[in-house]
Amino acid sequence: MKETLQFQAESKELLNLMINSIYSNKEIFLRELISNASDAIDKYKYLSLSSDGKLPLRDGEIHINVNDKDNTIEICDNGVGMSKDDLINNLGTIAKSGSKDFMAKFKEAKEKQDINIIGQFGVGFYSAFMVADKVEVLTKSTDGKSYLFTSDGKDSFTIEEANKDDVGTTIKLYLKKDQDDEDYSQFASTWTIERLVKKYSDYVRYPIKMMVKESKPKLDEEGKEIEGKFEDVLEEKTLNSMVPLWKKNKNEVTEKDLNEFYKSKFNDYEDPLLSLFVNVDGMVSYNSLLFIPSHAPYNLYSENYEKGLQLYAKNIFIKDKCPELIPDYLKFVRGLVDSDDFNLNVSREILQSSPVLKRIATNIEKKIVDELKKTKDNDFEKYSKFFDIYGEHIKYGIYSTYGDKKDLLQDLLVFHSLNAEDNKYISLKQYVDQMKKDQKNIYYAAGETLESIKLLPQLEKYRKEGIDVLLLDKKIDEFSLMMLQDYDKKQFKSISDESLNDEISKEEKDKIESLSATHRRFLDNAKESLKDKVDDVIFSSKLVESPVCISTKQGLSLNMEKTLEEQPGNEENESPKAIKVLEINPDHELFKALSKLEEDDEETKKYASILYDEALLLEGFDIKDKQSFVQKLNEVMIKSLNK
């Protein structure tokens, strides 16, 4: 006898919620139904193992049948099946007063982000109505009774007794007619079904089978192939691989396996630079495959780039990009994570914030960093290639967390240096190990290119004394070192830092103080002339061959000032300014000549302006008032030539 049940008044609202609000794309209906089928087989296996032989143990299978003529799809499983009560209590949840309870729980779940209600109310099943205007469920439970559930998802559903040979469930979808630019008939295509199973359910632990047409050589009466003749033959094909690569034993997976998996899964034409196979069992258990591409993704620095790892739960594909699993500074890492411990919300698409997620994300971050450190120690050439491509991201990880990740990331940093051969990188540890016996600081020089940095006048002293200097040619370098502050209790110091003039012998200090007293008038006039450009004019203890240089105070260098000015939204007159000091080499012939004009205040001021512009050029910076510089330079040359 057929029994008809009317939906409650709120049923339409609830179905709209299921179909239009919870799920972001219609094709996942197949994933949901396959997932339900897999769960039903799991339950059957459990009941069988605990039935003392009353329920026969059997291999689980899922079959998909498509009929492009009738525009229908069937998903069949040999799982536990459903009783009449199950149909009403599970699939018919929305047909009873429990619908209000469900909606309340769904709202609560969204607000609290702490409960997993998928499966509790048959929500996955109702995703079928995204593509079908009628659904039939033929099922037989372990009590031996069979029923047919029918619903159009609008006003009512029916349940009636039926005939089914084996325990299990068959869900038949009558696809909607194409409308509103939606092609529903595509889902009655074996090609589409194969694609969706491969994308979403490839690693379901039970075989997903379907009859497909295969083109095979035609045979003659004797069973021999007829050359050039082919025919379409229907054959049953298993669509999923079932055993995930990440679930295998690590010693069973070769580097070639990982490379081929990566290229196939992530549509890359090159092998990854690094692969990481992670298998964690403990308070939180998960499996993961992680890859660092050999080249940066083309849109890595685009606003549209989406970071994240693929998410699986119990071998079921849930989400393509799960950003919570990877920190921003590692956004170039590709891969996947599979865990039975993830707390998912009703749609299986949005990962809820949870302690489990945070522990897994933290562990993945540490695993990646450890692998990079191992690579740096064992294959420095490969690591150097990695750093060429992604090094700025590691520095960003230090800078963006205000040094919070200092201990985690500082040993991943490598730099070019003054003394390194063939422009090779050195690590901070290597630098410290090679420091001079009485050297207190880690010195660095910054600029736009390695070539321009090597021309800095301040390097002359370090080059002469054999002291190594890190060469920073990336905009983020100085900012990241500012956050680090020190390494192995050695402070980072820019060679352009004015305070380094204090790191000299007493004899040198006495010499500088004596010269400053003797030429106070010259220094004061130069300072007055440059009062809008520099904070002070002093004699330098840094220079050897160059006549002048510019140093800075309080940490903000010329290079950092320029970087801040270039940031979007930063006007030149609003961004922070470096406190500049013009340093003059008292031993240079140019100063010795200028000192003869010390009594002429106006001439001193004119030359001070030229010295400042010359210092800017030596530092690799542009002169803002080129016309004034050229005019003053011409006056000097004319005066000299007319003598």
# chains A, B, ... in the order shown; residues from 1 in each chain; ligands from 1
$ residues_around --residues "Val581 in chain A" --least-positions-apart "6" --cutoff "8 Å" --atoms "only C-alpha atoms" --output "VMD selection string"
chain A and resid 498 534 to 538 550 to 553
$ atom_distance --atom1 "CA of Glu221 in chain A" --atom2 "CA of Lys237 in chain A"
26.3 Å
$ atom_distance --atom1 "CA of His295 in chain A" --atom2 "CA of Leu325 in chain A"
21.6 Å
$ residues_around --residues "Leu33 in chain A" --least-positions-apart "5" --cutoff "9 Å" --atoms "only C-alpha atoms" --output "PyMOL selection string"
chain A and resi 28+38+75+124-125+127-128+171
$ select_by_dssp --residues "range 250-295 of chain A" --states "strand (DSSP E)" --output "ChimeraX atom specification"
/A:274-280,286-292
$ closest_residue --among "A:Tyr612, A:Phe29, A:Phe291, A:Phe230" --to "Met130 in chain A" --atoms "only C-alpha atoms"
A:Phe29
$ residues_around --residues "range 443-456 of chain A" --least-positions-apart "2" --cutoff "10 Å" --atoms "only C-alpha atoms" --output "ChimeraX atom specification"
/A:415-418,423,431,439-441,458-460,462-463,467-475,477-478,481,490-497,546,549,557-560,615,617-621
$ residues_around --residues "Tyr174 in chain A" --least-positions-apart "6" --cutoff "7 Å" --atoms "only C-alpha atoms" --output "PyMOL selection string"
chain A and resi 71-73+132-135
$ write_last_selection --atoms "N, CA and C atoms" --output "PDB file, in the first residue's frame"
ATOM      1  N   ASN A  71      17.322  10.013 -19.815  1.00  0.00           N
ATOM      2  CA  ASN A  71      17.876  11.110 -19.012  1.00  0.00           C
ATOM      3  C   ASN A  71      17.825  10.781 -17.518  1.00  0.00           C
ATOM      4  N   THR A  72      18.311   9.573 -17.185  1.00  0.00           N
ATOM      5  CA  THR A  72      18.299   9.126 -15.791  1.00  0.00           C
ATOM      6  C   THR A  72      19.682   8.628 -15.370  1.00  0.00           C
ATOM      7  N   ILE A  73      19.888   8.628 -14.055  1.00  0.00           N
ATOM      8  CA  ILE A  73      21.112   8.076 -13.450  1.00  0.00           C
ATOM      9  C   ILE A  73      20.689   7.209 -12.276  1.00  0.00           C
ATOM     10  N   ALA A 132      17.842  16.879 -10.302  1.00  0.00           N
ATOM     11  CA  ALA A 132      16.714  16.010 -10.636  1.00  0.00           C
ATOM     12  C   ALA A 132      15.397  16.631 -10.183  1.00  0.00           C
ATOM     13  N   ASP A 133      14.348  16.412 -10.986  1.00  0.00           N
ATOM     14  CA  ASP A 133      13.027  16.870 -10.553  1.00  0.00           C
ATOM     15  C   ASP A 133      12.197  15.734  -9.969  1.00  0.00           C
ATOM     16  N   LYS A 134      12.792  14.534  -9.952  1.00  0.00           N
ATOM     17  CA  LYS A 134      12.143  13.388  -9.312  1.00  0.00           C
ATOM     18  C   LYS A 134      13.231  12.403  -8.891  1.00  0.00           C
ATOM     19  N   VAL A 135      13.078  11.849  -7.699  1.00  0.00           N
ATOM     20  CA  VAL A 135      14.060  10.887  -7.181  1.00  0.00           C
ATOM     21  C   VAL A 135      13.317   9.682  -6.617  1.00  0.00           C
TER      22      VAL A 135
END
